[in-house]
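Undergrad: Attaching a single structure in structure tokens format; questions to follow.
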2 protein chains.
Amino acid sequence: MTNNEQYSIGELSKYFDITARSIRFYEEQGLLAPERQGQSRIYHLKDKVRLKLILRGKRLGFSLAEIKTLFELYDTNPNSAAQLETMLALTDQKRAVLNQQLNDIQTLMNELDDVESRCKEELIELQKGNHL
Amino acid sequence: MTNNEQYSIGELSKYFDITARSIRFYEEQGLLAPERQGQSRIYHLKDKVRLKLILRGKRLGFSLAEIKTLFELYDTNPNSAAQLETMLALTDQKRAVLNQQLNDIQTLMNELDDVESRCKEELIELQKGNHL
DNA sequence: TTCAGCCTTTACGTTAACGTAAAGCTGGGT
DNA sequence: ACCCAGCTTTACGTTAACGTAAAGGCTGAA
């Protein structure tokens with residue numbers, strides 16, 4: 001009962017609104033490894049989840065190479081202490097970057113608020129003028 | 001009293017920890033327009049502020065072209081209604097992107113928390129083992 | 001069978017954001 | 001006078017992440 005849905009590359013590309021070329025490229029870079037039936041690629045739920053993670057990583061400004069190493073860290077079962085330490089260090093590092101982004105976004109949001117309210121005030125002024 | 005500090009390109013590059021090449025490139029792309037004294041560039045506070053904005057924009061994933069149009073929108077004194085509407089549309093658009101990023105970051109943070117706590121638990125287990 | 005629609009591989013092209021080298025001016029210190 | 005650090009321009013090189021043909025295989029409907 002572990003979900004047996006299958007997807008073609010075209011279905012996935014439509015679903016995520018990206019090109020098939022991109023999906024093949026991610027595979028070429030070692031981020032995906034879909035099953036094959038004959039020459040065609042068959043994607044399952046785990047591939048779909050991976051793609052989702054890839055796209056989210058990209059939106060956050062990670063390179064495909066970075067995303068790949070994150071996958072590898074996540075995939076290798078973390079049994080040795082050294083591996084775990086490495087993982088912790090990396091998560092901390094990423095966390096710092098994300099916090100920086102949060103700050104930036106907050107600052108920018110505030111500025112957008114300023115601009116927006118000033119714009120709206122000016123629009124109201126223009127409206128008043130039009131009544132004459 | 002409006003602050004008369006001057007900076008050389010070297011000073012600014014050290015301050016922001018970027019190369020002089022980058023700063024010249026931003027100028028080449030129309031994002032900066034420093035004063036000249038002879039052949040050398042002289043930067044003032046407003047240039048420094050601009051650079052800060054450029055770098056923040058970049059951290060948020062904006063292209064230099066996008067940053068430039070934002071600057072231009074910000075610079076043109078917004079007097080016509082059409083301009084104001086454009087500005088409002090753009091701010092809304094950007095706000096949507098930023099909100100998406102916030103979601104992504106939040107999701108990722110949670111996952112990092114999960115990974116981290118699992119790592120720490122495993123480390124503790126390893127410690128216990130070492131006592132035998 | 002022929003066609004359309006989807007898939008495949010191979011391979012060269014493109015864009016953004018610089019890196020990097022080459023070659024030269026220039027002001028201050030010794 | 002000379003040098004050096006820091007500035008300048010010009011121009012070609014580089015990397016990431018695809019875009020865009022080109023040429024062909026497979027499969028189901030007409």
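Ligands are numbered from 1 in the order shown, residues from 1 within each chain, and chains are lettered A, B, ... in the order they appear in the structure tokens.
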Could you give me the residues within segment 4-128 of chain B that DSSP places in helix (DSSP H, G or I), as a count of residues only?
TA: 92
Undergrad: Find the residues of chain C in contact range of chain A, meaning any atom within 12 Å when counting only C-alpha atoms (C1' of nucleotides), and list them as a PyMOL selection string.
TA: chain C and resi 5-9
Undergrad: Could the residues in this selection be saved with C-alpha atoms (C1' of nucleotides) as an mmCIF file, in the first residue's frame?
TA:
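result.cif written:
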```cif
data_model
loop_
_atom_site.group_PDB
_atom_site.id
_atom_site.type_symbol
_atom_site.label_atom_id
_atom_site.label_comp_id
_atom_site.auth_asym_id
_atom_site.auth_seq_id
_atom_site.Cartn_x
_atom_site.Cartn_y
_atom_site.Cartn_z
ATOM 1 C "C1'" DG C 5 2.160 12.780 -30.071
ATOM 2 C "C1'" DC C 6 5.265 11.557 -26.743
ATOM 3 C "C1'" DC C 7 9.568 9.959 -25.711
ATOM 4 C "C1'" DT C 8 14.780 9.484 -26.534
ATOM 5 C "C1'" DT C 9 19.994 11.043 -27.154
#
```
Undergrad: Using only C-alpha atoms (C1' of nucleotides), what table do you get, as a Markdown table, when you list each residue of chain C with an atom no more than 12 Å from segment 51-68 of chain B, its nearest pair of atoms, and their distance in Å rounded to one decimal, rows by chain then rising number?
TA:
```
| residue | atom | partner | partner_atom | distance |
| --- | --- | --- | --- | --- |
| C:DT15 | C1' | B:Ser63 | CA | 11.5 |
| C:DA16 | C1' | B:Ser63 | CA | 8.1 |
| C:DA17 | C1' | B:Leu64 | CA | 8.7 |
| C:DC18 | C1' | B:Leu64 | CA | 11.7 |
```
Undergrad: Take the selection from the previous step and output its residues with all heavy atoms, as a compact mmCIF listing (two decimals), in the first residue's frame.
TA:
```
# COMPACT_ATOMS: atom_id res chain seq x y z
P DT C 15 21.78 35.37 -25.19
OP1 DT C 15 20.63 35.97 -25.89
OP2 DT C 15 23.17 35.72 -25.56
O5' DT C 15 21.58 35.65 -23.64
C5' DT C 15 20.58 34.95 -22.93
C4' DT C 15 20.94 34.98 -21.46
O4' DT C 15 21.82 33.88 -21.16
C3' DT C 15 21.67 36.26 -21.03
O3' DT C 15 20.95 36.84 -19.94
C2' DT C 15 23.05 35.78 -20.62
C1' DT C 15 22.81 34.32 -20.27
N1 DT C 15 23.99 33.43 -20.46
C2 DT C 15 24.23 32.46 -19.51
O2 DT C 15 23.53 32.31 -18.53
N3 DT C 15 25.32 31.67 -19.77
C4 DT C 15 26.18 31.77 -20.85
O4 DT C 15 27.12 31.00 -20.96
C5 DT C 15 25.86 32.81 -21.80
C7 DT C 15 26.74 32.99 -22.99
C6 DT C 15 24.80 33.57 -21.56
P DA C 16 21.47 38.27 -19.37
OP1 DA C 16 20.28 39.13 -19.21
OP2 DA C 16 22.63 38.75 -20.14
O5' DA C 16 21.96 37.85 -17.92
C5' DA C 16 21.23 36.85 -17.22
C4' DA C 16 21.96 36.55 -15.92
O4' DA C 16 23.06 35.65 -16.19
C3' DA C 16 22.56 37.76 -15.24
O3' DA C 16 22.45 37.61 -13.84
C2' DA C 16 24.02 37.76 -15.69
C1' DA C 16 24.29 36.26 -15.87
N9 DA C 16 25.20 35.98 -16.98
C8 DA C 16 25.31 36.64 -18.16
N7 DA C 16 26.20 36.12 -18.98
C5 DA C 16 26.69 35.03 -18.28
C6 DA C 16 27.66 34.07 -18.59
N6 DA C 16 28.32 34.04 -19.74
N1 DA C 16 27.91 33.13 -17.67
C2 DA C 16 27.23 33.15 -16.52
N3 DA C 16 26.31 34.00 -16.11
C4 DA C 16 26.08 34.93 -17.05
P DA C 17 22.75 38.92 -12.94
OP1 DA C 17 21.89 38.80 -11.74
OP2 DA C 17 22.72 40.14 -13.76
O5' DA C 17 24.26 38.65 -12.48
C5' DA C 17 24.54 37.45 -11.79
C4' DA C 17 26.03 37.30 -11.62
O4' DA C 17 26.63 36.91 -12.87
C3' DA C 17 26.76 38.59 -11.19
O3' DA C 17 27.70 38.27 -10.18
C2' DA C 17 27.46 39.03 -12.47
C1' DA C 17 27.80 37.67 -13.04
N9 DA C 17 28.19 37.65 -14.45
C8 DA C 17 27.85 38.53 -15.43
N7 DA C 17 28.38 38.26 -16.61
C5 DA C 17 29.11 37.10 -16.37
C6 DA C 17 29.91 36.29 -17.21
N6 DA C 17 30.11 36.56 -18.49
N1 DA C 17 30.50 35.21 -16.64
C2 DA C 17 30.31 34.96 -15.34
N3 DA C 17 29.58 35.64 -14.46
C4 DA C 17 29.00 36.71 -15.05
P DC C 18 28.16 39.43 -9.17
OP1 DC C 18 28.99 38.79 -8.12
OP2 DC C 18 26.98 40.20 -8.82
O5' DC C 18 29.13 40.37 -10.05
C5' DC C 18 30.53 40.24 -9.92
C4' DC C 18 31.04 38.94 -10.53
O4' DC C 18 30.67 38.88 -11.91
C3' DC C 18 32.54 38.81 -10.48
O3' DC C 18 32.92 37.88 -9.46
C2' DC C 18 32.95 38.30 -11.85
C1' DC C 18 31.62 38.08 -12.57
N1 DC C 18 31.72 38.50 -13.99
C2 DC C 18 32.38 37.67 -14.89
O2 DC C 18 32.86 36.60 -14.50
N3 DC C 18 32.47 38.06 -16.20
C4 DC C 18 31.94 39.22 -16.59
N4 DC C 18 32.07 39.56 -17.86
C5 DC C 18 31.27 40.08 -15.66
C6 DC C 18 31.18 39.69 -14.39
```
Undergrad: If DSSP is run on the backbone, what residues of chain B are strand (DSSP E)? A reply as a count of residues only would be ideal.
TA: 6
Undergrad: Go through B:Ile124, B:Ile42, B:Leu88, B:Leu32 and flag the residue nearest chain D, using only C-alpha atoms (C1' of nucleotides) for the distances.
TA: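 Using only C-alpha atoms (C1' of nucleotides), the shortest distance to chain D belongs to B:Ile42.
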Undergrad: Tell me the residues of chain A close to chain D, meaning within 8 Å using only C-alpha atoms (C1' of nucleotides), as a list in words.
TA: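 Going by the stated atoms only, the list reads Arg21, Ser22 and Phe25 of chain A.
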Undergrad: Any idea which chain A residues end up within 9 Å of chain B if we count only C-alpha atoms, as an NGL selection string please?
TA: :A and (56-57 or 59-61 or 74 or 78-81 or 84-85 or 87-88 or 91-92 or 94-95 or 98-102 or 104-105 or 108-109 or 112-113 or 115-116 or 119-120 or 122-123 or 126)
Undergrad: Could you turn the residues from that selection into a file that holds N, CA, C and O atoms, as a CSV table (one decimal), in the first residue's frame?
TA:
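The new file part15.csv reads:
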```csv
chain,number,residue,atom,x,y,z
A,56,ARG,N,12.3,23.6,-4.4
A,56,ARG,CA,12.3,24.4,-3.2
A,56,ARG,C,13.8,24.9,-2.9
A,56,ARG,O,14.0,26.1,-2.6
A,57,GLY,N,14.7,24.0,-3.0
A,57,GLY,CA,16.1,24.4,-2.8
A,57,GLY,C,16.5,25.5,-3.8
A,57,GLY,O,17.1,26.5,-3.3
A,59,ARG,N,14.6,27.7,-5.2
A,59,ARG,CA,13.9,28.9,-4.9
A,59,ARG,C,14.7,29.6,-3.7
A,59,ARG,O,14.6,30.8,-3.6
A,60,LEU,N,15.3,28.8,-2.9
A,60,LEU,CA,16.0,29.4,-1.8
A,60,LEU,C,17.4,29.8,-2.1
A,60,LEU,O,18.2,30.2,-1.3
A,61,GLY,N,17.8,29.6,-3.4
A,61,GLY,CA,19.1,30.1,-3.8
A,61,GLY,C,20.2,29.0,-3.7
A,61,GLY,O,21.4,29.4,-3.9
A,74,TYR,N,21.8,13.3,3.4
A,74,TYR,CA,20.5,12.8,3.9
A,74,TYR,C,20.4,11.3,3.6
A,74,TYR,O,19.8,10.6,4.4
A,78,PRO,N,23.2,7.9,8.7
A,78,PRO,CA,24.1,8.6,9.5
A,78,PRO,C,24.5,7.8,10.7
A,78,PRO,O,23.9,7.9,11.8
A,79,ASN,N,25.5,6.9,10.6
A,79,ASN,CA,25.8,6.0,11.7
A,79,ASN,C,27.1,6.5,12.4
A,79,ASN,O,27.2,6.3,13.6
A,80,SER,N,28.1,7.0,11.7
A,80,SER,CA,29.3,7.4,12.4
A,80,SER,C,29.2,8.7,13.0
A,80,SER,O,28.4,9.6,12.5
A,81,ALA,N,29.9,8.9,14.1
A,81,ALA,CA,29.9,10.2,14.8
A,81,ALA,C,30.4,11.3,13.9
A,81,ALA,O,29.8,12.4,13.9
A,84,LEU,N,27.7,12.5,11.7
A,84,LEU,CA,26.7,13.3,12.4
A,84,LEU,C,27.2,14.7,12.6
A,84,LEU,O,26.5,15.7,12.5
A,85,GLU,N,28.4,14.8,13.1
A,85,GLU,CA,29.0,16.1,13.3
A,85,GLU,C,29.0,17.0,12.0
A,85,GLU,O,28.6,18.1,12.1
A,87,MET,N,27.0,16.7,9.5
A,87,MET,CA,25.6,17.1,9.3
A,87,MET,C,25.2,18.2,10.1
A,87,MET,O,24.6,19.2,9.7
A,88,LEU,N,25.5,18.2,11.4
A,88,LEU,CA,25.1,19.3,12.3
A,88,LEU,C,25.8,20.6,11.9
A,88,LEU,O,25.1,21.6,11.9
A,91,THR,N,23.9,21.9,8.9
A,91,THR,CA,22.6,22.4,9.2
A,91,THR,C,22.7,23.8,9.8
A,91,THR,O,22.0,24.7,9.5
A,92,ASP,N,23.7,23.9,10.7
A,92,ASP,CA,23.9,25.2,11.4
A,92,ASP,C,24.3,26.3,10.4
A,92,ASP,O,23.8,27.4,10.4
A,94,LYS,N,23.6,26.3,7.1
A,94,LYS,CA,22.5,26.7,6.3
A,94,LYS,C,21.5,27.5,7.1
A,94,LYS,O,20.9,28.5,6.6
A,95,ARG,N,21.4,27.2,8.4
A,95,ARG,CA,20.4,28.0,9.2
A,95,ARG,C,20.9,29.4,9.3
A,95,ARG,O,20.0,30.3,9.3
A,98,LEU,N,19.8,31.1,6.1
A,98,LEU,CA,18.4,31.3,6.1
A,98,LEU,C,17.9,32.5,7.0
A,98,LEU,O,17.1,33.3,6.7
A,99,ASN,N,18.6,32.6,8.2
A,99,ASN,CA,18.3,33.7,9.1
A,99,ASN,C,18.6,35.0,8.4
A,99,ASN,O,17.9,36.0,8.6
A,100,GLN,N,19.7,35.0,7.7
A,100,GLN,CA,20.1,36.3,7.0
A,100,GLN,C,19.0,36.6,6.0
A,100,GLN,O,18.6,37.8,5.9
A,101,GLN,N,18.6,35.6,5.3
A,101,GLN,CA,17.5,35.9,4.3
A,101,GLN,C,16.2,36.4,5.0
A,101,GLN,O,15.6,37.3,4.5
A,102,LEU,N,15.9,35.8,6.1
A,102,LEU,CA,14.7,36.2,6.8
A,102,LEU,C,14.9,37.7,7.2
A,102,LEU,O,13.9,38.5,7.0
A,104,ASP,N,16.7,40.0,5.7
A,104,ASP,CA,16.6,40.7,4.4
A,104,ASP,C,15.2,40.9,4.0
A,104,ASP,O,14.7,42.0,3.6
A,105,ILE,N,14.5,39.8,4.0
A,105,ILE,CA,13.1,39.8,3.6
A,105,ILE,C,12.2,40.7,4.5
A,105,ILE,O,11.4,41.5,4.0
A,108,LEU,N,13.0,44.3,3.6
A,108,LEU,CA,12.4,44.6,2.4
A,108,LEU,C,10.9,44.8,2.5
A,108,LEU,O,10.3,45.7,1.9
A,109,MET,N,10.3,43.9,3.2
A,109,MET,CA,8.9,44.0,3.4
A,109,MET,C,8.5,45.3,4.0
A,109,MET,O,7.5,46.0,3.5
A,112,LEU,N,8.7,47.9,1.4
A,112,LEU,CA,7.6,47.8,0.5
A,112,LEU,C,6.3,48.4,1.1
A,112,LEU,O,5.6,49.1,0.4
A,113,ASP,N,6.1,48.2,2.4
A,113,ASP,CA,5.0,48.8,3.1
A,113,ASP,C,5.0,50.3,3.0
A,113,ASP,O,4.1,50.9,2.7
A,115,VAL,N,6.7,52.2,0.8
A,115,VAL,CA,6.4,52.6,-0.6
A,115,VAL,C,5.0,52.6,-0.9
A,115,VAL,O,4.4,53.5,-1.5
A,116,GLU,N,4.4,51.4,-0.5
A,116,GLU,CA,3.0,51.2,-0.9
A,116,GLU,C,2.1,52.2,-0.2
A,116,GLU,O,1.2,52.8,-0.9
A,119,CYS,N,2.4,55.5,-1.9
A,119,CYS,CA,1.8,55.5,-3.2
A,119,CYS,C,0.3,55.7,-3.1
A,119,CYS,O,-0.3,56.5,-3.8
A,120,LYS,N,-0.3,55.0,-2.1
A,120,LYS,CA,-1.7,55.1,-2.0
A,120,LYS,C,-2.2,56.5,-1.6
A,120,LYS,O,-3.2,57.0,-2.0
A,122,GLU,N,-0.6,59.2,-2.3
A,122,GLU,CA,-0.5,60.1,-3.5
A,122,GLU,C,-1.7,59.9,-4.4
A,122,GLU,O,-2.2,60.8,-5.1
A,123,LEU,N,-2.1,58.6,-4.6
A,123,LEU,CA,-3.3,58.3,-5.4
A,123,LEU,C,-4.5,59.0,-4.9
A,123,LEU,O,-5.3,59.6,-5.7
A,126,LEU,N,-4.4,62.6,-5.9
A,126,LEU,CA,-4.7,62.7,-7.3
A,126,LEU,C,-6.2,62.7,-7.5
A,126,LEU,O,-6.8,63.4,-8.3
```
Undergrad: In Å to one decimal, how far is atom CA of Gln93 of chain B from atom C1' of DT14 of chain C?
TA: 27.1 Å
Undergrad: Write out as a PyMOL selection string which residues come within 12 Å of Leu45 of chain B when counting only C-alpha atoms (C1' of nucleotides), dropping same-chain ones fewer than 3 positions away.
TA: chain B and resi 2-8+12+34-35+42+48-52
Undergrad: Any chance you can output those residues with all heavy atoms as a short mmCIF file (atom, residue, chain, number, x, y, z; two decimals), in the first residue's frame?
TA:
```cif
data_model
loop_
_atom_site.label_atom_id
_atom_site.label_comp_id
_atom_site.auth_asym_id
_atom_site.auth_seq_id
_atom_site.Cartn_x
_atom_site.Cartn_y
_atom_site.Cartn_z
N THR B 2 25.37 66.86 5.93
CA THR B 2 24.76 65.66 5.35
C THR B 2 25.76 64.56 5.07
O THR B 2 25.63 63.83 4.12
CB THR B 2 24.02 66.01 4.05
OG1 THR B 2 24.93 66.72 3.19
CG2 THR B 2 22.81 66.83 4.32
N ASN B 3 26.77 64.48 5.91
CA ASN B 3 27.76 63.41 5.79
C ASN B 3 28.58 63.53 4.52
O ASN B 3 28.08 63.37 3.42
CB ASN B 3 27.06 62.03 5.84
CG ASN B 3 28.08 60.92 5.98
OD1 ASN B 3 29.10 60.93 5.29
ND2 ASN B 3 27.82 60.00 6.86
N ASN B 4 29.87 63.79 4.70
CA ASN B 4 30.71 63.98 3.53
C ASN B 4 31.75 62.90 3.32
O ASN B 4 32.72 63.09 2.59
CB ASN B 4 31.42 65.34 3.62
CG ASN B 4 30.59 66.41 2.94
OD1 ASN B 4 29.80 66.10 2.04
ND2 ASN B 4 30.76 67.64 3.36
N GLU B 5 31.54 61.77 3.93
CA GLU B 5 32.54 60.71 3.82
C GLU B 5 32.77 60.33 2.38
O GLU B 5 31.85 60.28 1.57
CB GLU B 5 32.08 59.49 4.62
CG GLU B 5 32.09 59.71 6.11
CD GLU B 5 31.79 58.43 6.85
OE1 GLU B 5 32.59 57.48 6.71
OE2 GLU B 5 30.77 58.38 7.56
N GLN B 6 34.02 60.04 2.08
CA GLN B 6 34.37 59.57 0.74
C GLN B 6 35.03 58.20 0.85
O GLN B 6 35.71 57.91 1.83
CB GLN B 6 35.35 60.56 0.08
CG GLN B 6 34.73 61.90 -0.22
CD GLN B 6 35.63 62.74 -1.11
OE1 GLN B 6 35.20 63.77 -1.63
NE2 GLN B 6 36.87 62.30 -1.28
N TYR B 7 34.83 57.41 -0.16
CA TYR B 7 35.44 56.09 -0.17
C TYR B 7 36.08 55.81 -1.52
O TYR B 7 35.55 56.20 -2.56
CB TYR B 7 34.39 55.00 0.10
CG TYR B 7 33.45 55.30 1.24
CD1 TYR B 7 32.28 56.02 1.02
CD2 TYR B 7 33.73 54.85 2.52
CE1 TYR B 7 31.41 56.29 2.05
CE2 TYR B 7 32.86 55.12 3.56
CZ TYR B 7 31.69 55.84 3.31
OH TYR B 7 30.83 56.10 4.35
N SER B 8 37.20 55.14 -1.48
CA SER B 8 37.79 54.63 -2.72
C SER B 8 37.14 53.28 -3.02
O SER B 8 36.47 52.69 -2.17
CB SER B 8 39.29 54.45 -2.57
OG SER B 8 39.56 53.32 -1.77
N LEU B 12 35.61 50.41 -0.31
CA LEU B 12 34.26 49.82 -0.37
C LEU B 12 34.31 48.31 -0.56
O LEU B 12 33.53 47.57 0.03
CB LEU B 12 33.46 50.45 -1.52
CG LEU B 12 32.69 51.73 -1.20
CD1 LEU B 12 31.70 52.04 -2.29
CD2 LEU B 12 31.98 51.60 0.15
N PRO B 34 29.25 56.62 -9.55
CA PRO B 34 30.10 57.37 -8.62
C PRO B 34 30.70 58.61 -9.29
O PRO B 34 30.81 58.68 -10.51
CB PRO B 34 31.19 56.37 -8.27
CG PRO B 34 31.28 55.48 -9.46
CD PRO B 34 29.87 55.36 -9.95
N GLU B 35 31.06 59.55 -8.45
CA GLU B 35 31.75 60.75 -8.91
C GLU B 35 33.15 60.37 -9.38
O GLU B 35 33.66 59.31 -9.04
CB GLU B 35 31.83 61.73 -7.74
CG GLU B 35 32.38 63.09 -8.05
CD GLU B 35 32.67 63.85 -6.76
OE1 GLU B 35 31.99 63.54 -5.74
OE2 GLU B 35 33.55 64.72 -6.78
N ILE B 42 35.15 58.12 -6.96
CA ILE B 42 34.94 58.54 -5.57
C ILE B 42 33.52 58.20 -5.17
O ILE B 42 32.56 58.61 -5.82
CB ILE B 42 35.14 60.07 -5.42
CG1 ILE B 42 36.54 60.47 -5.90
CG2 ILE B 42 34.94 60.48 -3.98
CD1 ILE B 42 37.65 60.00 -5.03
N LYS B 48 27.31 54.04 -1.13
CA LYS B 48 27.47 52.94 -0.16
C LYS B 48 26.12 52.32 0.14
O LYS B 48 25.98 51.09 0.18
CB LYS B 48 28.10 53.52 1.12
CG LYS B 48 28.64 52.50 2.08
CD LYS B 48 29.35 53.21 3.22
CE LYS B 48 29.66 52.28 4.37
NZ LYS B 48 30.26 53.03 5.51
N VAL B 49 25.12 53.15 0.34
CA VAL B 49 23.77 52.66 0.61
C VAL B 49 23.26 51.84 -0.57
O VAL B 49 22.68 50.76 -0.40
CB VAL B 49 22.82 53.83 0.90
CG1 VAL B 49 21.37 53.35 0.95
CG2 VAL B 49 23.20 54.49 2.22
N ARG B 50 23.51 52.36 -1.76
CA ARG B 50 23.08 51.64 -2.96
C ARG B 50 23.72 50.27 -3.03
O ARG B 50 23.07 49.27 -3.32
CB ARG B 50 23.47 52.43 -4.21
CG ARG B 50 22.51 53.53 -4.54
CD ARG B 50 22.15 53.44 -6.01
NE ARG B 50 20.93 54.15 -6.32
CZ ARG B 50 20.34 54.12 -7.50
NH1 ARG B 50 20.88 53.42 -8.48
NH2 ARG B 50 19.24 54.77 -7.71
N LEU B 51 25.00 50.23 -2.76
CA LEU B 51 25.71 48.95 -2.80
C LEU B 51 25.10 47.97 -1.80
O LEU B 51 24.90 46.80 -2.10
CB LEU B 51 27.19 49.18 -2.48
CG LEU B 51 28.17 48.72 -3.54
CD1 LEU B 51 29.59 48.97 -3.10
CD2 LEU B 51 27.97 47.26 -3.87
N LYS B 52 24.80 48.48 -0.63
CA LYS B 52 24.18 47.65 0.39
C LYS B 52 22.87 47.07 -0.13
O LYS B 52 22.58 45.87 0.04
CB LYS B 52 23.93 48.50 1.64
CG LYS B 52 23.51 47.72 2.86
CD LYS B 52 23.39 48.65 4.06
CE LYS B 52 22.85 47.93 5.27
NZ LYS B 52 22.71 48.86 6.42
#
```
Undergrad: What is the atom CA of Glu72 of chain A to atom CA of Ala96 of chain A distance in Å?
TA: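 Pair atom CA of Glu72 of chain A / atom CA of Ala96 of chain A returns 20.8 Å.
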Undergrad: Quick one: pull the distance between atom CA of Leu70 of chain A and atom CA of Ala20 of chain A, Å, one decimal.
TA: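 Between atom CA of Leu70 of chain A and atom CA of Ala20 of chain A the gap works out to 23.2 Å.
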